>>> print(open('target-v5.pdb').read())   # PDB, C-alpha atoms
ATOM      1  CA  MET J   1     -17.624  11.844 -20.633
ATOM      2  CA  LYS J   2     -18.210   9.626 -17.599
ATOM      3  CA  ILE J   3     -17.027  10.545 -14.112
ATOM      4  CA  ILE J   4     -16.740   8.676 -10.804
ATOM      5  CA  GLU J   5     -15.728  10.883  -7.912
ATOM      6  CA  ASN J   6     -15.906  11.545  -4.208
ATOM      7  CA  GLU J   7     -14.133  14.002  -1.933
ATOM      8  CA  ASN J   8     -10.803  12.158  -2.309
ATOM      9  CA  TYR J   9     -10.594  11.121  -5.931
ATOM     10  CA  LYS J  10     -11.937  11.703  -9.433
ATOM     11  CA  ILE J  11     -11.850   9.247 -12.326
ATOM     12  CA  THR J  12     -12.804  10.571 -15.747
ATOM     13  CA  TYR J  13     -13.456   8.452 -18.822
ATOM     14  CA  ASN J  14     -13.375  10.304 -22.126
ATOM     15  CA  GLU J  15     -14.897   7.746 -24.506
ATOM     16  CA  GLU J  16     -14.205   9.743 -27.646
ATOM     17  CA  ASP J  17     -10.437   9.898 -27.032
ATOM     18  CA  ALA J  18     -10.270   6.537 -25.177
ATOM     19  CA  VAL J  19      -8.607   8.166 -22.154
ATOM     20  CA  VAL J  20      -9.192   7.413 -18.461
ATOM     21  CA  SER J  21      -7.682   9.895 -15.986
ATOM     22  CA  PHE J  22      -7.218   9.389 -12.252
ATOM     23  CA  GLU J  23      -6.763  12.225  -9.748
ATOM     24  CA  GLY J  24      -6.410  12.464  -5.968
ATOM     25  CA  THR J  25      -5.925   9.664  -3.435
ATOM     26  CA  LEU J  26      -7.392   6.152  -3.635
ATOM     27  CA  ARG J  27      -7.444   4.211  -0.379
ATOM     28  CA  LEU J  28     -10.603   2.131  -0.609
ATOM     29  CA  GLY J  29     -11.082  -0.733   1.830
ATOM     30  CA  GLY J  30     -10.308  -3.790  -0.288
ATOM     31  CA  MET J  31     -11.037  -5.161  -3.752
ATOM     32  CA  GLY J  32     -14.796  -5.236  -3.089
ATOM     33  CA  GLU J  33     -14.873  -1.463  -2.744
ATOM     34  CA  TYR J  34     -12.872  -1.078  -5.943
ATOM     35  CA  ALA J  35     -15.415  -3.180  -7.889
ATOM     36  CA  PRO J  36     -17.321  -0.184  -9.357
ATOM     37  CA  ILE J  37     -14.022   1.264 -10.654
ATOM     38  CA  VAL J  38     -12.999  -2.133 -12.079
ATOM     39  CA  GLU J  39     -16.363  -2.352 -13.899
ATOM     40  CA  TYR J  40     -15.855   1.135 -15.268
ATOM     41  CA  LEU J  41     -12.400   0.217 -16.590
ATOM     42  CA  GLU J  42     -13.644  -3.083 -18.027
ATOM     43  CA  GLN J  43     -16.238  -1.051 -19.919
ATOM     44  CA  ALA J  44     -13.456   1.112 -21.354
ATOM     45  CA  ILE J  45     -11.689  -2.048 -22.596
ATOM     46  CA  ASN J  46     -14.890  -3.268 -24.253
ATOM     47  CA  ASP J  47     -15.540   0.091 -25.923
ATOM     48  CA  SER J  48     -12.328   0.275 -27.941
ATOM     49  CA  ASP J  49      -9.126  -1.450 -29.063
ATOM     50  CA  LYS J  50      -6.907   1.018 -27.276
ATOM     51  CA  LEU J  51      -6.869   3.074 -24.119
ATOM     52  CA  THR J  52      -4.647   5.622 -22.402
ATOM     53  CA  LEU J  53      -4.571   5.673 -18.626
ATOM     54  CA  ILE J  54      -3.359   8.975 -17.181
ATOM     55  CA  LEU J  55      -2.231   8.591 -13.569
ATOM     56  CA  LYS J  56      -0.044  11.701 -13.256
ATOM     57  CA  LYS J  57      -2.342  13.344 -10.700
ATOM     58  CA  LEU J  58      -2.976  10.192  -8.682
ATOM     59  CA  GLU J  59      -1.024  11.111  -5.556
ATOM     60  CA  PHE J  60      -1.655   7.963  -3.540
ATOM     61  CA  LEU J  61      -2.788   4.407  -4.242
ATOM     62  CA  ASN J  62      -3.017   1.681  -1.596
ATOM     63  CA  SER J  63      -2.147  -1.965  -2.254
ATOM     64  CA  SER J  64      -5.793  -2.850  -2.956
ATOM     65  CA  GLY J  65      -5.709  -0.114  -5.592
ATOM     66  CA  ILE J  66      -2.532  -1.625  -7.047
ATOM     67  CA  ALA J  67      -4.423  -4.940  -7.229
ATOM     68  CA  MET J  68      -7.295  -3.123  -8.977
ATOM     69  CA  LEU J  69      -4.942  -1.629 -11.596
ATOM     70  CA  SER J  70      -3.261  -5.022 -12.074
ATOM     71  CA  LYS J  71      -6.634  -6.673 -12.625
ATOM     72  CA  PHE J  72      -7.418  -4.075 -15.259
ATOM     73  CA  VAL J  73      -4.061  -4.543 -17.010
ATOM     74  CA  ILE J  74      -4.547  -8.336 -17.039
ATOM     75  CA  SER J  75      -8.001  -7.853 -18.648
ATOM     76  CA  ALA J  76      -6.398  -5.590 -21.265
ATOM     77  CA  ARG J  77      -3.667  -8.199 -21.861
ATOM     78  CA  ASN J  78      -6.317 -10.856 -22.391
ATOM     79  CA  LYS J  79      -8.010  -8.866 -25.173
ATOM     80  CA  GLU J  80      -6.065  -9.691 -28.301
ATOM     81  CA  GLY J  81      -4.426  -6.720 -29.991
ATOM     82  CA  PHE J  82      -5.470  -4.274 -27.284
ATOM     83  CA  GLU J  83      -3.130  -1.265 -27.025
ATOM     84  CA  LEU J  84      -2.702   0.147 -23.540
ATOM     85  CA  SER J  85      -0.682   3.242 -22.638
ATOM     86  CA  VAL J  86      -0.045   4.369 -19.079
ATOM     87  CA  ILE J  87       1.196   7.871 -18.368
ATOM     88  CA  GLY J  88       2.579   8.565 -14.899
ATOM     89  CA  SER J  89       4.720  11.167 -13.199
ATOM     90  CA  ASN J  90       8.308  11.044 -12.015
ATOM     91  CA  GLU J  91       7.382  13.735  -9.499
ATOM     92  CA  THR J  92       5.148  11.302  -7.600
ATOM     93  CA  PRO J  93       7.503   8.804  -5.931
ATOM     94  CA  TRP J  94       5.102   5.817  -5.690
ATOM     95  CA  GLN J  95       4.594   5.890  -9.449
ATOM     96  CA  GLY J  96       8.313   5.578 -10.160
ATOM     97  CA  LYS J  97       8.457   2.650  -7.750
ATOM     98  CA  SER J  98       5.323   0.688  -8.586
ATOM     99  CA  LEU J  99       4.066   1.409 -12.116
ATOM    100  CA  ASN J 100       6.751  -0.659 -13.783
ATOM    101  CA  ASN J 101       5.031  -3.749 -12.326
ATOM    102  CA  LEU J 102       2.146  -3.115 -14.723
ATOM    103  CA  LYS J 103       4.513  -3.390 -17.667
ATOM    104  CA  ARG J 104       5.777  -6.683 -16.269
ATOM    105  CA  LEU J 105       2.202  -7.967 -16.307
ATOM    106  CA  MET J 106       1.671  -6.772 -19.891
ATOM    107  CA  PRO J 107       4.997  -6.331 -21.746
ATOM    108  CA  SER J 108       3.314  -4.638 -24.743
ATOM    109  CA  LEU J 109       2.024  -1.843 -22.465
ATOM    110  CA  THR J 110       3.564   1.569 -23.153
ATOM    111  CA  LEU J 111       4.642   3.240 -19.914
ATOM    112  CA  ASN J 112       5.709   6.869 -19.857
ATOM    113  CA  LEU J 113       6.817   8.579 -16.674
ATOM    114  CA  GLU J 114       6.888  12.318 -17.365
TER     115      GLU J 114
ATOM    116  CA  MET L   1       6.393 -16.241  25.345
ATOM    117  CA  SER L   2       7.604 -14.503  22.191
ATOM    118  CA  GLU L   3       8.041 -15.917  18.729
ATOM    119  CA  VAL L   4       9.993 -13.885  16.169
ATOM    120  CA  PHE L   5       9.991 -14.190  12.370
ATOM    121  CA  GLY L   6      12.179 -12.228   9.983
ATOM    122  CA  SER L   7      14.184  -9.236  11.115
ATOM    123  CA  PHE L   8      12.774  -7.728  14.342
ATOM    124  CA  THR L   9      14.681  -5.461  16.729
ATOM    125  CA  VAL L  10      13.404  -3.828  19.881
ATOM    126  CA  ILE L  11      14.139  -0.126  19.443
ATOM    127  CA  LEU L  12      13.957   2.167  22.434
ATOM    128  CA  PRO L  13      12.552   5.658  21.806
ATOM    129  CA  GLU L  14      15.787   7.290  22.978
ATOM    130  CA  GLN L  15      17.722   5.489  20.244
ATOM    131  CA  GLY L  16      16.032   7.526  17.541
ATOM    132  CA  THR L  17      16.573  11.139  16.603
ATOM    133  CA  GLU L  18      12.775  11.393  16.505
ATOM    134  CA  HIS L  19       9.990   9.137  17.691
ATOM    135  CA  MET L  20       6.222   9.192  17.455
ATOM    136  CA  CYS L  21       3.486   6.764  18.453
ATOM    137  CA  LEU L  22      -0.235   6.782  17.590
ATOM    138  CA  SER L  23      -2.652   4.449  19.338
ATOM    139  CA  PHE L  24      -6.297   3.539  18.645
ATOM    140  CA  LYS L  25      -8.991   1.426  20.259
ATOM    141  CA  PRO L  26     -10.128  -0.972  17.497
ATOM    142  CA  SER L  27     -13.607  -1.624  18.897
ATOM    143  CA  SER L  28     -14.751   1.937  19.597
ATOM    144  CA  VAL L  29     -16.364   2.632  16.194
ATOM    145  CA  PRO L  30     -17.195   0.373  13.199
ATOM    146  CA  ILE L  31     -14.372  -0.349  10.736
ATOM    147  CA  LYS L  32     -16.146   1.449   7.875
ATOM    148  CA  GLN L  33     -16.330   4.622   9.929
ATOM    149  CA  ARG L  34     -12.738   4.293  11.135
ATOM    150  CA  TRP L  35     -11.193   3.472   7.738
ATOM    151  CA  ARG L  36     -10.509   7.097   6.786
ATOM    152  CA  ASN L  37      -8.387   7.489   9.921
ATOM    153  CA  ASN L  38      -5.796   5.148   8.381
ATOM    154  CA  GLY L  39      -5.142   7.650   5.604
ATOM    155  CA  LEU L  40      -5.272  10.646   7.947
ATOM    156  CA  SER L  41      -2.786   9.045  10.356
ATOM    157  CA  ALA L  42      -0.474   7.829   7.598
ATOM    158  CA  ASP L  43      -0.431  11.231   5.881
ATOM    159  CA  PHE L  44       0.234  12.884   9.234
ATOM    160  CA  LEU L  45       3.249  10.661   9.873
ATOM    161  CA  GLY L  46       4.558  11.364   6.361
ATOM    162  CA  ASP L  47       4.054  15.127   6.726
ATOM    163  CA  TYR L  48       5.564  15.147  10.214
ATOM    164  CA  LEU L  49       8.780  13.627   8.894
ATOM    165  CA  THR L  50       9.257  16.383   6.309
ATOM    166  CA  THR L  51      10.445  18.687   9.131
ATOM    167  CA  PHE L  52      13.549  16.522   9.426
ATOM    168  CA  PHE L  53      14.232  16.542   5.685
ATOM    169  CA  PRO L  54      14.075  20.262   4.889
ATOM    170  CA  LYS L  55      14.289  21.573   1.362
ATOM    171  CA  ASP L  56      17.290  23.762   0.596
ATOM    172  CA  ASP L  57      18.927  25.120  -2.572
ATOM    173  CA  ASN L  58      19.919  21.638  -3.645
ATOM    174  CA  PRO L  59      17.120  20.146  -5.816
ATOM    175  CA  GLN L  60      18.011  16.708  -4.385
ATOM    176  CA  SER L  61      16.763  17.853  -0.963
ATOM    177  CA  SER L  62      13.301  18.471  -2.376
ATOM    178  CA  LYS L  63      13.288  15.047  -4.018
ATOM    179  CA  LYS L  64      14.475  13.372  -0.816
ATOM    180  CA  GLN L  65      11.715  15.016   1.198
ATOM    181  CA  ALA L  66       9.076  13.832  -1.289
ATOM    182  CA  VAL L  67      10.463  10.282  -1.341
ATOM    183  CA  VAL L  68      10.570   9.961   2.470
ATOM    184  CA  LYS L  69       7.075  11.438   2.862
ATOM    185  CA  ASP L  70       5.633   9.149   0.185
ATOM    186  CA  ALA L  71       7.277   6.006   1.594
ATOM    187  CA  ALA L  72       6.214   6.773   5.173
ATOM    188  CA  ALA L  73       2.616   7.469   4.152
ATOM    189  CA  TYR L  74       2.408   4.285   2.028
ATOM    190  CA  ILE L  75       3.943   1.963   4.620
ATOM    191  CA  ALA L  76       2.032   3.426   7.578
ATOM    192  CA  ASN L  77      -1.239   3.252   5.653
ATOM    193  CA  GLU L  78      -0.704  -0.402   4.704
ATOM    194  CA  LEU L  79       0.214  -1.336   8.287
ATOM    195  CA  LEU L  80      -2.847   0.446   9.661
ATOM    196  CA  GLU L  81      -5.171  -1.072   7.033
ATOM    197  CA  ASN L  82      -3.850  -4.554   7.826
ATOM    198  CA  ALA L  83      -4.201  -3.973  11.554
ATOM    199  CA  MET L  84      -7.794  -2.890  11.072
ATOM    200  CA  LYS L  85      -8.696  -5.795   8.807
ATOM    201  CA  TYR L  86      -6.928  -8.531  10.721
ATOM    202  CA  SER L  87      -7.026  -7.538  14.399
ATOM    203  CA  ASP L  88      -9.115  -9.043  17.174
ATOM    204  CA  GLU L  89     -11.994  -6.559  17.203
ATOM    205  CA  LYS L  90     -13.435  -7.958  20.408
ATOM    206  CA  GLY L  91     -10.183  -7.700  22.348
ATOM    207  CA  ASP L  92      -8.931  -4.808  24.424
ATOM    208  CA  VAL L  93      -5.500  -4.544  22.834
ATOM    209  CA  PRO L  94      -5.125  -1.106  21.241
ATOM    210  CA  ASN L  95      -3.744  -0.851  17.707
ATOM    211  CA  SER L  96      -0.607   1.244  17.762
ATOM    212  CA  ILE L  97       1.902   2.442  15.225
ATOM    213  CA  ASP L  98       5.306   3.686  16.243
ATOM    214  CA  LEU L  99       7.651   5.520  13.901
ATOM    215  CA  THR L 100      11.289   5.979  14.849
ATOM    216  CA  LEU L 101      13.725   7.990  12.778
ATOM    217  CA  LEU L 102      17.276   6.676  13.064
ATOM    218  CA  GLU L 103      20.309   8.224  11.408
ATOM    219  CA  ASP L 104      19.863   6.344   8.142
ATOM    220  CA  LYS L 105      16.661   4.359   8.657
ATOM    221  CA  LEU L 106      12.957   4.661   9.310
ATOM    222  CA  VAL L 107      11.506   2.009  11.607
ATOM    223  CA  PHE L 108       7.750   1.379  11.731
ATOM    224  CA  THR L 109       6.424  -0.910  14.461
ATOM    225  CA  GLU L 110       2.712  -1.659  14.414
ATOM    226  CA  ILE L 111       1.064  -3.700  17.202
ATOM    227  CA  ASN L 112      -2.413  -5.203  17.355
ATOM    228  CA  GLY L 113      -4.368  -7.908  19.135
ATOM    229  CA  ILE L 114      -5.070 -11.029  17.124
ATOM    230  CA  THR L 115      -7.261 -14.124  17.479
ATOM    231  CA  GLN L 116      -5.686 -17.577  17.464
ATOM    232  CA  GLN L 117      -7.157 -18.254  14.010
ATOM    233  CA  GLN L 118      -5.828 -14.938  12.658
ATOM    234  CA  GLU L 119      -2.440 -15.761  14.155
ATOM    235  CA  ALA L 120      -2.374 -19.177  12.460
ATOM    236  CA  ASP L 121      -3.348 -17.652   9.076
ATOM    237  CA  PHE L 122      -0.792 -14.881   9.462
ATOM    238  CA  LYS L 123       2.007 -17.324  10.279
ATOM    239  CA  MET L 124       1.124 -19.317   7.152
ATOM    240  CA  PHE L 125       1.476 -16.168   5.065
ATOM    241  CA  ILE L 126       4.823 -15.308   6.720
ATOM    242  CA  GLU L 127       6.033 -18.827   5.959
ATOM    243  CA  GLU L 128       4.980 -18.389   2.315
ATOM    244  CA  LEU L 129       6.839 -15.079   2.223
ATOM    245  CA  GLN L 130       9.989 -16.576   3.706
ATOM    246  CA  ASN L 131       9.995 -19.654   1.468
ATOM    247  CA  ASN L 132       9.530 -17.841  -1.847
ATOM    248  CA  ASP L 133      11.402 -15.308  -3.888
ATOM    249  CA  PRO L 134       9.542 -12.065  -2.974
ATOM    250  CA  ASP L 135       9.605 -10.761  -6.538
ATOM    251  CA  GLU L 136       8.135 -13.966  -7.997
ATOM    252  CA  LEU L 137       5.593 -14.178  -5.182
ATOM    253  CA  PHE L 138       4.593 -10.559  -5.801
ATOM    254  CA  MET L 139       3.933 -11.142  -9.504
ATOM    255  CA  ARG L 140       2.038 -14.348  -8.696
ATOM    256  CA  LYS L 141      -0.133 -12.543  -6.123
ATOM    257  CA  LEU L 142      -0.873  -9.791  -8.649
ATOM    258  CA  GLU L 143      -2.055 -12.432 -11.146
ATOM    259  CA  GLU L 144      -4.081 -14.180  -8.425
ATOM    260  CA  SER L 145      -5.692 -10.939  -7.286
ATOM    261  CA  ALA L 146      -7.133 -10.540 -10.798
ATOM    262  CA  MET L 147      -8.787 -13.956 -10.543
ATOM    263  CA  SER L 148      -9.927 -14.042  -6.934
ATOM    264  CA  ASP L 149     -10.843 -10.458  -6.013
ATOM    265  CA  THR L 150      -8.528 -10.529  -3.014
ATOM    266  CA  SER L 151      -5.318  -8.623  -2.548
ATOM    267  CA  SER L 152      -4.032 -10.447   0.508
ATOM    268  CA  GLY L 153      -0.355  -9.863   1.299
ATOM    269  CA  LEU L 154       0.202  -7.369  -1.513
ATOM    270  CA  GLY L 155       0.913  -4.558   0.955
ATOM    271  CA  TYR L 156       3.873  -6.401   2.467
ATOM    272  CA  LEU L 157       5.105  -7.488  -0.955
ATOM    273  CA  THR L 158       5.058  -3.933  -2.324
ATOM    274  CA  MET L 159       7.013  -2.782   0.753
ATOM    275  CA  ILE L 160       9.674  -5.430   0.058
ATOM    276  CA  ASN L 161       9.829  -5.128  -3.724
ATOM    277  CA  ASP L 162       9.107  -1.468  -4.385
ATOM    278  CA  TYR L 163      10.384   0.148  -1.149
ATOM    279  CA  HIS L 164      13.220  -2.334  -0.405
ATOM    280  CA  ALA L 165      11.924  -2.781   3.141
ATOM    281  CA  SER L 166      12.981  -5.472   5.581
ATOM    282  CA  LEU L 167      10.129  -6.975   7.586
ATOM    283  CA  GLY L 168       9.849  -8.800  10.893
ATOM    284  CA  TRP L 169       7.150  -9.996  13.261
ATOM    285  CA  GLN L 170       6.977 -10.744  16.955
ATOM    286  CA  PHE L 171       4.041 -12.784  18.314
ATOM    287  CA  ASP L 172       3.345 -12.644  22.055
ATOM    288  CA  VAL L 173       0.827 -14.335  24.340
ATOM    289  CA  ASN L 174       0.165 -12.951  27.819
ATOM    290  CA  ASP L 175      -2.684 -14.268  29.999
ATOM    291  CA  GLY L 176      -4.307 -15.769  26.904
ATOM    292  CA  VAL L 177      -4.193 -12.453  24.983
ATOM    293  CA  HIS L 178      -2.476 -12.792  21.599
ATOM    294  CA  LYS L 179      -0.613  -9.839  20.059
ATOM    295  CA  VAL L 180       1.497  -9.355  16.971
ATOM    296  CA  ALA L 181       4.048  -6.626  16.350
ATOM    297  CA  THR L 182       4.965  -6.014  12.699
ATOM    298  CA  GLN L 183       8.174  -4.129  12.032
ATOM    299  CA  VAL L 184       9.137  -2.511   8.738
ATOM    300  CA  VAL L 185      12.535  -0.908   8.214
ATOM    301  CA  ILE L 186      13.586   1.164   5.206
ATOM    302  CA  SER L 187      16.871   2.904   4.502
ATOM    303  CA  ILE L 188      16.677   6.640   3.912
TER     304      ILE L 188
END
>>> encode(input="target-v5.pdb", output="structure tokens")
Amino acid sequence: MKIIENENYKITYNEEDAVVSFEGTLRLGGMGEYAPIVEYLEQAINDSDKLTLILKKLEFLNSSGIAMLSKFVISARNKEGFELSVIGSNETPWQGKSLNNLKRLMPSLTLNLE
Amino acid sequence: MSEVFGSFTVILPEQGTEHMCLSFKPSSVPIKQRWRNNGLSADFLGDYLTTFFPKDDNPQSSKKQAVVKDAAAYIANELLENAMKYSDEKGDVPNSIDLTLLEDKLVFTEINGITQQQEADFKMFIEELQNNDPDELFMRKLEESAMSDTSSGLGYLTMINDYHASLGWQFDVNDGVHKVATQVVISI
């Protein structure tokens, strides 16, 4: 289990189950500040042929964070045969509005809003 | 001299059922130290609005409150982040964000000082926004952000595409001081 966290957010990577979970609020100051998280996600793509991203407890994501998630989804799309699932929440309004854009970037992505 | 792009309306405080304005001095502390205030201010504006969208026995009221709070916090945060990244740090113009609640709309007006170069770059982006289909431009910018490590303009594009916002800008020059007011309107 690998974890990146600070007082506002926590990102957990369970390598055994190929699951990355996000919690809290992510409002970092631009793509440069998201680079460590992008590296972490790229590692998860390299480790396996499938991954589940659980965003249900991610209450807030700024536009730089949306760019970070998009970058990750495009990397996943570029790895042939890679299976990506994203699980979000209908209770968190931004997820209902913005997560569908990830599926537009990678049509084979499975998106579930619970 | 004023130059207006998009949909921009001067709204007087008394026109709204509720009105709030926050103002900051951009040069008083370094941007890194000030960054967290964007989130604090945006969350405050979102929370403040919940008073006017109380929950009652109808489950829709709870959903409405959450939607308004979420949209206000997202839009205010993006406007404040942009103001901090792209304002004239050496100038004396305070950054301000004004939120007015109208009967069926929320109006955000954010003002900051801007250098001539920043103004030229900003106008180029506005022109790109006005001359392209926002949905296509959004998807293109998402693809580009993966290649270039920049996310420029994505905040405005998410407001338009995901929050169905209408945007407008007013550029002013007074005694050589350049200012831009960005206005975002969403239906509620």
>>> resolve_selection(input="target-v5.pdb", expression="the PyMOL selection byres ((chain L and resi 166) around 10)", output="PyMOL selection string")
chain L and resi 6-8+107+156+159-161+163-165+167-168+183-187
>>> residues_around(input="target-v5.pdb", residues="stretch 76-92 of chain L", least_positions_apart="4", cutoff="6 Å", atoms="all atoms listed in the file", output="VMD selection string")
chain L and resid 26 to 27 38 to 39 42 72 112 to 115 155
>>> closest_residue(input="target-v5.pdb", among="L:Arg36, L:His178, L:His19, L:Lys105", to="chain J", atoms="only C-alpha atoms")
L:Arg36
>>> closest_residue(input="target-v5.pdb", among="J:Met31, J:Leu58, J:Met106, J:Ile45", to="L:Ser145", atoms="all atoms listed in the file")
J:Met31
>>> interface_residues(input="target-v5.pdb", of="chain J", to="chain L", cutoff="6 Å", atoms="all atoms listed in the file", output="number ranges by chain")
J: 31, 63-64, 71, 93, 97
>>> decode(input="target-v5.pdb", residues="stretch 31-99 of chain J", atoms="C-alpha atoms", output="compact mmCIF listing (two decimals), in the first residue's frame")
# COMPACT_ATOMS: atom_id res chain seq x y z
CA MET J 31 0.13 21.02 -13.25
CA GLY J 32 3.66 21.31 -11.83
CA GLU J 33 2.36 20.73 -8.32
CA TYR J 34 0.34 17.75 -9.50
CA ALA J 35 3.47 16.12 -11.01
CA PRO J 36 4.15 13.80 -8.02
CA ILE J 37 0.54 12.52 -8.21
CA VAL J 38 0.81 12.06 -11.99
CA GLU J 39 4.02 10.02 -11.48
CA TYR J 40 2.27 7.92 -8.87
CA LEU J 41 -0.62 7.20 -11.25
CA GLU J 42 1.73 6.48 -14.16
CA GLN J 43 3.39 3.91 -11.91
CA ALA J 44 0.01 2.28 -11.31
CA ILE J 45 -0.50 2.01 -15.09
CA ASN J 46 2.92 0.39 -15.50
CA ASP J 47 2.30 -2.09 -12.68
CA SER J 48 -0.77 -3.77 -14.16
CA ASP J 49 -3.14 -4.12 -17.12
CA LYS J 50 -6.09 -2.77 -15.21
CA LEU J 51 -6.85 -0.21 -12.56
CA THR J 52 -9.84 1.06 -10.60
CA LEU J 53 -9.91 4.70 -9.60
CA ILE J 54 -12.23 5.43 -6.68
CA LEU J 55 -13.12 9.12 -6.48
CA LYS J 56 -16.29 8.90 -4.36
CA LYS J 57 -14.73 10.75 -1.42
CA LEU J 58 -12.98 13.39 -3.52
CA GLU J 59 -15.12 16.38 -2.56
CA PHE J 60 -13.38 19.02 -4.66
CA LEU J 61 -11.03 19.08 -7.64
CA ASN J 62 -9.82 22.26 -9.33
CA SER J 63 -9.31 22.58 -13.09
CA SER J 64 -5.59 21.76 -12.80
CA GLY J 65 -6.68 18.57 -11.04
CA ILE J 66 -9.10 17.83 -13.89
CA ALA J 67 -6.13 18.26 -16.26
CA MET J 68 -4.13 15.86 -14.07
CA LEU J 69 -6.88 13.20 -14.23
CA SER J 70 -7.21 13.72 -17.99
CA LYS J 71 -3.47 13.25 -18.45
CA PHE J 72 -3.70 10.00 -16.51
CA VAL J 73 -6.67 8.76 -18.56
CA ILE J 74 -4.84 9.59 -21.81
CA SER J 75 -1.80 7.58 -20.59
CA ALA J 76 -4.13 4.67 -19.79
CA ARG J 77 -5.73 4.98 -23.25
CA ASN J 78 -2.30 4.85 -24.85
CA LYS J 79 -1.46 1.52 -23.18
CA GLU J 80 -2.99 -1.12 -25.42
CA GLY J 81 -5.61 -3.30 -23.75
CA PHE J 82 -5.51 -1.37 -20.48
CA GLU J 83 -8.78 -1.61 -18.52
CA LEU J 84 -9.67 1.46 -16.50
CA SER J 85 -12.67 1.79 -14.19
CA VAL J 86 -13.66 5.02 -12.47
CA ILE J 87 -16.08 5.00 -9.57
CA GLY J 88 -17.60 8.32 -8.53
CA SER J 89 -20.53 9.55 -6.50
CA ASN J 90 -23.82 11.08 -7.55
CA GLU J 91 -23.93 12.77 -4.16
CA THR J 92 -20.95 14.97 -5.08
CA PRO J 93 -22.23 17.41 -7.72
CA TRP J 94 -18.91 18.12 -9.50
CA GLN J 95 -18.48 14.42 -10.23
CA GLY J 96 -21.83 14.18 -12.00
CA LYS J 97 -20.89 17.22 -14.06
CA SER J 98 -17.27 16.57 -14.95
CA LEU J 99 -16.37 12.86 -14.77
